[in-house]
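A.B. asks: First, the structure itself, so that you have it in front of you.
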Amino acid sequence: MAASTAVTANYVLKPPPYALDALEPHMSKQTLEFHWGKHHRAYVDNLKKQVLGTELEGKPLDHIINKTYNNGDLLPAFNNAAQAWNHEFFWESMKPNGGGKPSGELLALLERDFTSYEKFYEEFNAAAATQFGAGWAWLAYANDKLKVVKTPNAVNPLVLGSFPLLTIDVWEHAYYLDFQNRRPDYIKTFMNNLVSWEAVSARLEAAKAASSSSA
Amino acid sequence: MAIRCVASRKTLAGLKETSSRLIGFRGIQTFTLPDLPYDYGALEPAISGEIMQIHHQKHHQTYVTNYNNALEQLDQAVSKGDASAVVKLQSAIKFNGGGHVNHLIFWKNLAPVKEGGGEPPKGSLGSAIDTHFGSLEGLVKKMSAEGAAVQGSGWVWLGLDKELKKLVVDTTANQDPLVTKGGSLVPLVGIDVWEHAYYLQYKNVRPEYLKNVWKVINWKYASEIYEKECN
């Protein structure tokens, strides 16, 4: 099973690696205050309550996620556990003055697996735009290949056997205050102005190391 | 061919008030967004005018547009006998057709206070609610709890099981209509718990939205449906 990479804290509400207003004007301070301060916080707090006194208590987050995914027949704690993980991963997928085209090895791999950055952009965009209802779109790594994946509700690539590298939250709460129904505008803004390719590269290195060590 | 089209368009003149229209030679029926029977601001303070406008003009309109596109593609796939294209279109039809069906019901489930919004149900539906749930408060409590517990997007419903002749509370995911939970289920009241239905006003506090929405629920419409189905 794929190992989680940057997100290893058990049940702590870690702040994003930037101030709540640092992503303006692309993602408002108000959105961060609600999205991190209320939604993410609730997933963490509710997870703690939910595992208290059960055999899941004290286990690492990725262990809980895999256990409660239960091959698709979700157990009660899955939603809170996966969403706690997903949101921490999401904040770290962004940075102030981010976005645009990556360079170096990451660009080379995107060009190898999608034929061009533009094609990757289109595919990631389409996945994020067409995930119906709540969910996430991902760049993921598996079997030495990069791929775009979309998932519903709290599901993430960890349970699908691949290493997440980048994500965008497409639950309505992620964009409604700033963009209302205009999810495509939110996705473009994320791609053009928010993506932290440094975080993606670091995760890719970790994924490759984890792959080769388990080979 | 042309003459047949003109003739059928004439007979359609009287159907203007419906939310559908016929196009093309084969008469495939597509849909239009109906107007709301009240102003966008008329449900305040329970639901803001801003939400009602975006919900109706953007979200519901998008379901209608995408449903029509899916139907036209389906029509072509069916005429060509392209079975895998037909099957591939099913999710777009469920999402968007379901979205259209559910929102048509939702707008009728709501009414301004001065037009009876929030007034408890009387007659046979009122008694049936007391029988099945103890009281209206009991039903409201149950629906609000189930609506708050929906993970992701969906709806909470009060339905009538036509076969078993009893009221049921159930939830559906995304835009699945109530009938996907049981072929004999008739929706009486549906409450949209997608975040777009409440976020601008209630933010993350879905339970607060669920507490307030009852003030504008149109029990008269629910009663009409119930009485019609019970006779």
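FYI, nothing fancy with the structure tokens labels: chains A, B, ... in order, residues from 1 per chain, ligands from 1 as they appear.
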Mind checking which residues fall within 10 Å of Val155 in chain A, counting only C-alpha atoms, ignoring those fewer than 4 positions away in the same chain, and posting them as a PyMOL selection string?
C.D. replies: chain A and resi 65+69+72+74+78-79+82-83+86+135-136+150-151+159-160
A.B. asks: Going by DSSP on the backbone, which bits of range 9-185 of chain A are helix (DSSP H, G or I)? Write them as a ChimeraX atom specification, please.
C.D. replies: /A:29-51,61-72,78-91,104-114,117-130,157-160,172-174,176-179,183-185
A.B. asks: Within 12 Å of Val78 in chain B, counting only C-alpha atoms, which residues show up once you throw out same-chain ones fewer than 5 positions away? Write them as JSON, numbers by chain, please.
C.D. replies: {"B": [28, 70, 71, 72, 73, 83, 84, 85, 86, 87, 88, 89]}
A.B. asks: Given only C-alpha atoms, how would the per-residue table for chain A near chain B read, listing every residue at most 8 Å away with its closest atom pair and distance in Å to one decimal, sorted by chain and number, as a Markdown table?
C.D. replies:
```
| residue | atom | partner | partner_atom | distance |
| --- | --- | --- | --- | --- |
| A:Phe34 | CA | B:Asn204 | CA | 7.3 |
| A:Lys38 | CA | B:Asn204 | CA | 7.0 |
| A:His39 | CA | B:Asn204 | CA | 6.7 |
| A:Asn79 | CA | B:Gln151 | CA | 7.7 |
| A:Phe132 | CA | B:Phe95 | CA | 7.6 |
| A:Gly133 | CA | B:Asn174 | CA | 5.6 |
| A:Ala134 | CA | B:Gly152 | CA | 5.3 |
| A:Gly135 | CA | B:Gly152 | CA | 7.9 |
| A:Asn153 | CA | B:Gly152 | CA | 5.5 |
| A:Trp171 | CA | B:Gly152 | CA | 7.5 |
| A:Glu172 | CA | B:Glu195 | CA | 5.9 |
| A:His173 | CA | B:Glu195 | CA | 6.5 |
| A:Tyr176 | CA | B:Tyr199 | CA | 7.1 |
| A:Leu177 | CA | B:Leu200 | CA | 6.3 |
| A:Gln180 | CA | B:His196 | CA | 7.8 |
| A:Asn181 | CA | B:His59 | CA | 6.9 |
```
A.B. asks: Would you export the selected residues with N, CA and C atoms as an mmCIF file, in the first residue's frame, please?
C.D. replies:
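Writing the result to again.cif gives the following:
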```
data_model
loop_
_atom_site.group_PDB
_atom_site.id
_atom_site.type_symbol
_atom_site.label_atom_id
_atom_site.label_comp_id
_atom_site.auth_asym_id
_atom_site.auth_seq_id
_atom_site.Cartn_x
_atom_site.Cartn_y
_atom_site.Cartn_z
ATOM 1 N N PHE A 34 -12.739 30.036 7.151
ATOM 2 C CA PHE A 34 -13.796 29.030 7.263
ATOM 3 C C PHE A 34 -13.284 27.642 6.883
ATOM 4 N N LYS A 38 -12.784 26.212 10.280
ATOM 5 C CA LYS A 38 -14.031 25.544 10.671
ATOM 6 C C LYS A 38 -14.101 24.124 10.106
ATOM 7 N N HIS A 39 -14.047 23.987 8.760
ATOM 8 C CA HIS A 39 -14.223 22.671 8.145
ATOM 9 C C HIS A 39 -13.102 21.715 8.536
ATOM 10 N N ASN A 79 -14.605 9.187 6.759
ATOM 11 C CA ASN A 79 -14.823 10.551 6.285
ATOM 12 C C ASN A 79 -13.937 11.544 7.036
ATOM 13 N N PHE A 132 -18.417 15.195 -10.104
ATOM 14 C CA PHE A 132 -19.766 15.638 -9.790
ATOM 15 C C PHE A 132 -20.002 15.603 -8.292
ATOM 16 N N GLY A 133 -20.600 16.672 -7.754
ATOM 17 C CA GLY A 133 -20.803 16.712 -6.318
ATOM 18 C C GLY A 133 -19.483 17.046 -5.652
ATOM 19 N N ALA A 134 -19.299 16.554 -4.436
ATOM 20 C CA ALA A 134 -18.102 16.891 -3.665
ATOM 21 C C ALA A 134 -16.969 15.942 -4.023
ATOM 22 N N GLY A 135 -15.740 16.429 -3.929
ATOM 23 C CA GLY A 135 -14.601 15.551 -4.203
ATOM 24 C C GLY A 135 -13.326 16.313 -4.405
ATOM 25 N N ASN A 153 -16.121 12.772 -2.693
ATOM 26 C CA ASN A 153 -16.227 13.016 -1.248
ATOM 27 C C ASN A 153 -14.861 13.005 -0.569
ATOM 28 N N TRP A 171 -14.952 20.387 -3.293
ATOM 29 C CA TRP A 171 -16.179 20.531 -2.497
ATOM 30 C C TRP A 171 -16.574 22.008 -2.664
ATOM 31 N N GLU A 172 -17.864 22.288 -2.677
ATOM 32 C CA GLU A 172 -18.306 23.667 -2.891
ATOM 33 C C GLU A 172 -17.762 24.616 -1.825
ATOM 34 N N HIS A 173 -17.564 24.123 -0.594
ATOM 35 C CA HIS A 173 -17.089 25.016 0.458
ATOM 36 C C HIS A 173 -15.695 25.562 0.145
ATOM 37 N N TYR A 176 -16.885 28.470 -2.818
ATOM 38 C CA TYR A 176 -18.154 29.169 -2.957
ATOM 39 C C TYR A 176 -18.116 30.631 -2.549
ATOM 40 N N LEU A 177 -17.384 30.965 -1.475
ATOM 41 C CA LEU A 177 -17.323 32.363 -1.032
ATOM 42 C C LEU A 177 -16.624 33.232 -2.069
ATOM 43 N N GLN A 180 -18.499 31.438 -6.009
ATOM 44 C CA GLN A 180 -19.879 30.942 -6.081
ATOM 45 C C GLN A 180 -19.933 29.673 -6.957
ATOM 46 N N ASN A 181 -20.775 29.631 -7.965
ATOM 47 C CA ASN A 181 -20.910 28.427 -8.769
ATOM 48 C C ASN A 181 -19.778 28.252 -9.782
#
```
A.B. asks: Taking 2 positions as the minimum chain separation for residues in the same chain, which residues sit within 7 Å of range 24-30 of chain A when counting only C-alpha atoms? Answer as an MDAnalysis selection string.
C.D. replies: chainID A and resid 20:22 32:34 178 189 193
A.B. asks: Would you put the residues from that selection into a file with C-alpha atoms, as a CSV table (one decimal), in the first residue's frame?
C.D. replies:
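Written file, selection-v3.csv:
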```csv
chain,number,residue,atom,x,y,z
A,20,LEU,CA,-4.5,32.9,6.2
A,21,ASP,CA,-4.4,36.1,4.0
A,22,ALA,CA,-1.3,35.1,2.1
A,32,LEU,CA,-9.2,30.2,4.7
A,33,GLU,CA,-10.8,31.2,8.0
A,34,PHE,CA,-13.8,29.0,7.3
A,178,ASP,CA,-14.8,33.5,-3.7
A,189,THR,CA,-6.9,30.4,-10.5
A,193,ASN,CA,-1.6,31.3,-9.2
```
A.B. asks: When you count only C-alpha atoms, which of these residues is closest to Glu119 in chain B: B:Gln29, B:Leu136, B:Val150, B:Met52?
C.D. replies: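 Closest to Glu119 in chain B, using only C-alpha atoms: B:Leu136.
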A.B. asks: Would you compute the distance between CA of Tyr202 in chain B and CA of His35 in chain A? Give it in Å to one decimal.
C.D. replies: 13.3 Å
A.B. asks: Please identify all polymer residues within 12 Å of Glu57 in chain A, counting only C-alpha atoms, omitting same-chain residues fewer than 2 positions from it, and present them as a PyMOL selection string.
C.D. replies: chain A and resi 10-11+47-55+59-61+63-64+77+81
A.B. asks: Please write the residues from the selection above to a file, keeping N, CA and C atoms, as a PDB file, in the first residue's frame.
C.D. replies:
```
ATOM      1  N   ASN A  10      -0.540  12.966  13.582  1.00  0.00           N
ATOM      2  CA  ASN A  10      -1.709  12.194  13.926  1.00  0.00           C
ATOM      3  C   ASN A  10      -2.975  13.028  13.872  1.00  0.00           C
ATOM      4  N   TYR A  11      -3.430  13.514  14.984  1.00  0.00           N
ATOM      5  CA  TYR A  11      -4.693  14.239  14.868  1.00  0.00           C
ATOM      6  C   TYR A  11      -4.500  15.658  15.375  1.00  0.00           C
ATOM      7  N   LEU A  47     -12.795  13.485  14.391  1.00  0.00           N
ATOM      8  CA  LEU A  47     -12.037  12.234  14.280  1.00  0.00           C
ATOM      9  C   LEU A  47     -11.566  11.800  15.670  1.00  0.00           C
ATOM     10  N   LYS A  48     -11.030  12.757  16.425  1.00  0.00           N
ATOM     11  CA  LYS A  48     -10.534  12.439  17.776  1.00  0.00           C
ATOM     12  C   LYS A  48     -11.646  11.819  18.622  1.00  0.00           C
ATOM     13  N   LYS A  49     -12.832  12.459  18.563  1.00  0.00           N
ATOM     14  CA  LYS A  49     -13.959  11.938  19.354  1.00  0.00           C
ATOM     15  C   LYS A  49     -14.350  10.551  18.874  1.00  0.00           C
ATOM     16  N   GLN A  50     -14.313  10.380  17.535  1.00  0.00           N
ATOM     17  CA  GLN A  50     -14.816   9.146  16.951  1.00  0.00           C
ATOM     18  C   GLN A  50     -13.932   7.937  17.256  1.00  0.00           C
ATOM     19  N   VAL A  51     -12.601   8.128  17.366  1.00  0.00           N
ATOM     20  CA  VAL A  51     -11.710   6.978  17.591  1.00  0.00           C
ATOM     21  C   VAL A  51     -11.439   6.731  19.062  1.00  0.00           C
ATOM     22  N   LEU A  52     -11.855   7.665  19.914  1.00  0.00           N
ATOM     23  CA  LEU A  52     -11.632   7.535  21.358  1.00  0.00           C
ATOM     24  C   LEU A  52     -12.228   6.227  21.869  1.00  0.00           C
ATOM     25  N   GLY A  53     -11.388   5.443  22.546  1.00  0.00           N
ATOM     26  CA  GLY A  53     -11.909   4.201  23.112  1.00  0.00           C
ATOM     27  C   GLY A  53     -12.077   3.075  22.112  1.00  0.00           C
ATOM     28  N   THR A  54     -11.644   3.288  20.885  1.00  0.00           N
ATOM     29  CA  THR A  54     -11.708   2.200  19.893  1.00  0.00           C
ATOM     30  C   THR A  54     -10.297   1.729  19.580  1.00  0.00           C
ATOM     31  N   GLU A  55     -10.192   0.661  18.809  1.00  0.00           N
ATOM     32  CA  GLU A  55      -8.864   0.140  18.490  1.00  0.00           C
ATOM     33  C   GLU A  55      -8.114   1.054  17.528  1.00  0.00           C
ATOM     34  N   LYS A  59      -3.641   5.395  16.534  1.00  0.00           N
ATOM     35  CA  LYS A  59      -2.982   4.865  15.328  1.00  0.00           C
ATOM     36  C   LYS A  59      -2.659   6.020  14.374  1.00  0.00           C
ATOM     37  N   PRO A  60      -1.632   5.858  13.529  1.00  0.00           N
ATOM     38  CA  PRO A  60      -1.324   6.918  12.564  1.00  0.00           C
ATOM     39  C   PRO A  60      -2.493   7.130  11.610  1.00  0.00           C
ATOM     40  N   LEU A  61      -2.579   8.348  11.121  1.00  0.00           N
ATOM     41  CA  LEU A  61      -3.711   8.733  10.292  1.00  0.00           C
ATOM     42  C   LEU A  61      -3.845   7.860   9.046  1.00  0.00           C
ATOM     43  N   HIS A  63      -2.952   4.867   8.597  1.00  0.00           N
ATOM     44  CA  HIS A  63      -3.436   3.542   8.995  1.00  0.00           C
ATOM     45  C   HIS A  63      -4.953   3.564   9.138  1.00  0.00           C
ATOM     46  N   ILE A  64      -5.466   4.597   9.809  1.00  0.00           N
ATOM     47  CA  ILE A  64      -6.916   4.718  10.012  1.00  0.00           C
ATOM     48  C   ILE A  64      -7.621   4.847   8.660  1.00  0.00           C
ATOM     49  N   ALA A  77     -15.425   6.141  10.554  1.00  0.00           N
ATOM     50  CA  ALA A  77     -14.367   7.136  10.768  1.00  0.00           C
ATOM     51  C   ALA A  77     -13.661   7.553   9.483  1.00  0.00           C
ATOM     52  N   ALA A  81     -11.255  10.973   8.974  1.00  0.00           N
ATOM     53  CA  ALA A  81      -9.824  10.676   8.858  1.00  0.00           C
ATOM     54  C   ALA A  81      -9.281  11.117   7.509  1.00  0.00           C
TER      55      ALA A  81
END
```
A.B. asks: Please measure the separation of CA of Ser162 in chain A and CA of Tyr141 in chain A, giving the value in Å to one decimal.
C.D. replies: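 We find that CA of Ser162 in chain A and CA of Tyr141 in chain A lie 5.7 Å from each other.
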A.B. asks: Need the shell around Glu118 in chain A: protein/DNA/RNA residues with any atom at most 12 Å away, counting only C-alpha atoms. Skip same-chain ones fewer than 6 positions apart. Format as a VMD selection string?
C.D. replies: chain A and resid 100 to 102 107 110 to 111 124 to 125 191 to 192
A.B. asks: Please identify which residues in range 71-212 of chain A DSSP calls strand (DSSP E) from the backbone, and express them as a ChimeraX atom specification.
C.D. replies: /A:135-142,145-152,163-169
A.B. asks: Could you write out that same residue set with N, CA and C atoms as a JSON list (two decimals), in the first residue's frame?
C.D. replies:
```json
[["chain", "number", "residue", "atom", "x", "y", "z"],
["A", 135, "GLY", "N", -15.74, 16.43, -3.93],
["A", 135, "GLY", "CA", -14.60, 15.55, -4.20],
["A", 135, "GLY", "C", -13.33, 16.31, -4.40],
["A", 136, "TRP", "N", -12.36, 15.66, -5.06],
["A", 136, "TRP", "CA", -11.01, 16.17, -5.21],
["A", 136, "TRP", "C", -10.47, 15.74, -6.57],
["A", 137, "ALA", "N", -9.53, 16.53, -7.10],
["A", 137, "ALA", "CA", -8.78, 16.09, -8.27],
["A", 137, "ALA", "C", -7.32, 16.04, -7.85],
["A", 138, "TRP", "N", -6.58, 15.09, -8.41],
["A", 138, "TRP", "CA", -5.21, 14.80, -7.96],
["A", 138, "TRP", "C", -4.27, 14.62, -9.13],
["A", 139, "LEU", "N", -2.99, 14.97, -8.89],
["A", 139, "LEU", "CA", -1.90, 14.44, -9.69],
["A", 139, "LEU", "C", -1.31, 13.35, -8.79],
["A", 140, "ALA", "N", -1.16, 12.15, -9.32],
["A", 140, "ALA", "CA", -0.68, 11.04, -8.51],
["A", 140, "ALA", "C", 0.40, 10.28, -9.26],
["A", 141, "TYR", "N", 1.13, 9.47, -8.50],
["A", 141, "TYR", "CA", 2.26, 8.72, -9.05],
["A", 141, "TYR", "C", 2.08, 7.25, -8.69],
["A", 142, "ALA", "N", 2.18, 6.40, -9.71],
["A", 142, "ALA", "CA", 2.11, 4.95, -9.46],
["A", 142, "ALA", "C", 2.80, 4.25, -10.61],
["A", 145, "LYS", "N", 4.67, 6.20, -13.14],
["A", 145, "LYS", "CA", 3.95, 7.08, -14.07],
["A", 145, "LYS", "C", 3.17, 8.13, -13.30],
["A", 146, "LEU", "N", 3.05, 9.30, -13.91],
["A", 146, "LEU", "CA", 2.19, 10.35, -13.36],
["A", 146, "LEU", "C", 0.81, 10.20, -13.98],
["A", 147, "LYS", "N", -0.22, 10.41, -13.18],
["A", 147, "LYS", "CA", -1.57, 10.39, -13.76],
["A", 147, "LYS", "C", -2.48, 11.35, -13.01],
["A", 148, "VAL", "N", -3.54, 11.73, -13.68],
["A", 148, "VAL", "CA", -4.57, 12.58, -13.06],
["A", 148, "VAL", "C", -5.72, 11.67, -12.63],
["A", 149, "VAL", "N", -6.19, 11.93, -11.42],
["A", 149, "VAL", "CA", -7.25, 11.09, -10.83],
["A", 149, "VAL", "C", -8.29, 12.03, -10.22],
["A", 150, "LYS", "N", -9.57, 11.67, -10.29],
["A", 150, "LYS", "CA", -10.57, 12.43, -9.53],
["A", 150, "LYS", "C", -11.28, 11.47, -8.59],
["A", 151, "THR", "N", -11.63, 11.97, -7.41],
["A", 151, "THR", "CA", -12.24, 11.12, -6.40],
["A", 151, "THR", "C", -13.45, 11.81, -5.78],
["A", 152, "PRO", "N", -14.45, 11.02, -5.34],
["A", 152, "PRO", "CA", -15.64, 11.60, -4.72],
["A", 152, "PRO", "C", -15.47, 11.79, -3.22],
["A", 163, "PHE", "N", 0.53, 7.29, -5.02],
["A", 163, "PHE", "CA", 1.07, 8.35, -4.18],
["A", 163, "PHE", "C", 0.49, 9.68, -4.63],
["A", 164, "PRO", "N", -0.23, 10.38, -3.75],
["A", 164, "PRO", "CA", -0.72, 11.71, -4.13],
["A", 164, "PRO", "C", 0.44, 12.69, -4.23],
["A", 165, "LEU", "N", 0.41, 13.56, -5.25],
["A", 165, "LEU", "CA", 1.45, 14.57, -5.42],
["A", 165, "LEU", "C", 0.88, 15.98, -5.32],
["A", 166, "LEU", "N", -0.35, 16.16, -5.77],
["A", 166, "LEU", "CA", -0.98, 17.48, -5.81],
["A", 166, "LEU", "C", -2.48, 17.27, -5.72],
["A", 167, "THR", "N", -3.17, 18.18, -5.02],
["A", 167, "THR", "CA", -4.62, 18.09, -5.02],
["A", 167, "THR", "C", -5.30, 19.44, -5.06],
["A", 168, "ILE", "N", -6.52, 19.43, -5.60],
["A", 168, "ILE", "CA", -7.41, 20.59, -5.49],
["A", 168, "ILE", "C", -8.73, 20.11, -4.91],
["A", 169, "ASP", "N", -9.20, 20.82, -3.90],
["A", 169, "ASP", "CA", -10.47, 20.50, -3.22],
["A", 169, "ASP", "C", -11.59, 21.08, -4.09]]
```
A.B. asks: Quick one: everything within 12 Å of Glu224 in chain B, counting only C-alpha atoms, minus sequence neighbours fewer than 2 positions away in the same chain. Send it as a short mmCIF file (atom, residue, chain, number, x, y, z; two decimals) with N, CA and C atoms, in the first residue's frame.
C.D. replies:
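File produced: out-v2.cif:
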```
data_model
loop_
_atom_site.label_atom_id
_atom_site.label_comp_id
_atom_site.auth_asym_id
_atom_site.auth_seq_id
_atom_site.Cartn_x
_atom_site.Cartn_y
_atom_site.Cartn_z
N LYS B 108 -41.07 24.19 -5.46
CA LYS B 108 -42.46 24.08 -5.03
C LYS B 108 -42.56 23.75 -3.53
N ASN B 109 -41.50 23.18 -2.98
CA ASN B 109 -41.48 22.86 -1.56
C ASN B 109 -41.29 24.10 -0.70
N PRO B 121 -48.72 21.26 8.23
CA PRO B 121 -49.67 20.55 7.37
C PRO B 121 -50.93 20.17 8.15
N LYS B 122 -52.07 20.31 7.47
CA LYS B 122 -53.32 19.89 8.12
C LYS B 122 -53.81 18.66 7.38
N GLY B 123 -55.05 18.31 7.59
CA GLY B 123 -55.67 17.23 6.80
C GLY B 123 -54.94 15.91 6.94
N SER B 124 -55.06 15.12 5.89
CA SER B 124 -54.56 13.73 5.96
C SER B 124 -53.05 13.66 6.11
N LEU B 125 -52.30 14.58 5.50
CA LEU B 125 -50.84 14.52 5.65
C LEU B 125 -50.46 14.84 7.10
N GLY B 126 -51.10 15.85 7.68
CA GLY B 126 -50.84 16.20 9.08
C GLY B 126 -51.06 15.00 10.01
N PRO B 187 -41.73 11.66 -3.74
CA PRO B 187 -41.21 12.73 -2.89
C PRO B 187 -42.31 13.73 -2.51
N LEU B 188 -42.37 14.05 -1.22
CA LEU B 188 -43.33 15.06 -0.74
C LEU B 188 -42.58 16.35 -0.39
N VAL B 189 -41.50 16.21 0.37
CA VAL B 189 -40.66 17.36 0.72
C VAL B 189 -39.20 16.95 0.53
N ASN B 218 -43.33 24.65 2.21
CA ASN B 218 -44.69 24.79 1.70
C ASN B 218 -45.44 23.47 1.87
N TRP B 219 -46.03 23.30 3.05
CA TRP B 219 -46.73 22.05 3.34
C TRP B 219 -48.00 21.87 2.51
N LYS B 220 -48.53 22.97 1.97
CA LYS B 220 -49.73 22.87 1.12
C LYS B 220 -49.43 22.00 -0.11
N TYR B 221 -48.26 22.24 -0.71
CA TYR B 221 -47.89 21.46 -1.90
C TYR B 221 -47.70 19.99 -1.52
N ALA B 222 -47.00 19.75 -0.42
CA ALA B 222 -46.77 18.37 0.02
C ALA B 222 -48.09 17.65 0.26
N TYR B 226 -49.62 14.31 -1.53
CA TYR B 226 -49.99 13.19 -0.66
C TYR B 226 -51.43 12.76 -0.92
N GLU B 227 -52.35 13.74 -0.96
CA GLU B 227 -53.77 13.42 -1.17
C GLU B 227 -54.00 12.80 -2.55
N LYS B 228 -53.29 13.32 -3.54
CA LYS B 228 -53.44 12.79 -4.89
C LYS B 228 -52.99 11.33 -4.94
N GLU B 229 -51.88 11.01 -4.29
CA GLU B 229 -51.35 9.66 -4.32
C GLU B 229 -52.17 8.68 -3.50
N CYS B 230 -52.88 9.21 -2.50
CA CYS B 230 -53.63 8.32 -1.61
C CYS B 230 -55.02 8.01 -2.12
N ASN B 231 -55.41 8.64 -3.26
CA ASN B 231 -56.77 8.40 -3.77
C ASN B 231 -56.82 7.55 -5.00
#
```
A.B. asks: Find the residue from B:Ser48, B:Thr65, B:Thr171, B:Ser79 that sits nearest to Ser144 in chain B; use only C-alpha atoms when measuring.
C.D. replies: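 Residue with the minimum atom-to-atom distance to Ser144 in chain B: B:Thr171.
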A.B. asks: Find the residue from A:Val200, A:Leu194, A:Pro184, A:Ser211 that sits nearest to Asn97 in chain A; use only C-alpha atoms when measuring.
C.D. replies: A:Leu194
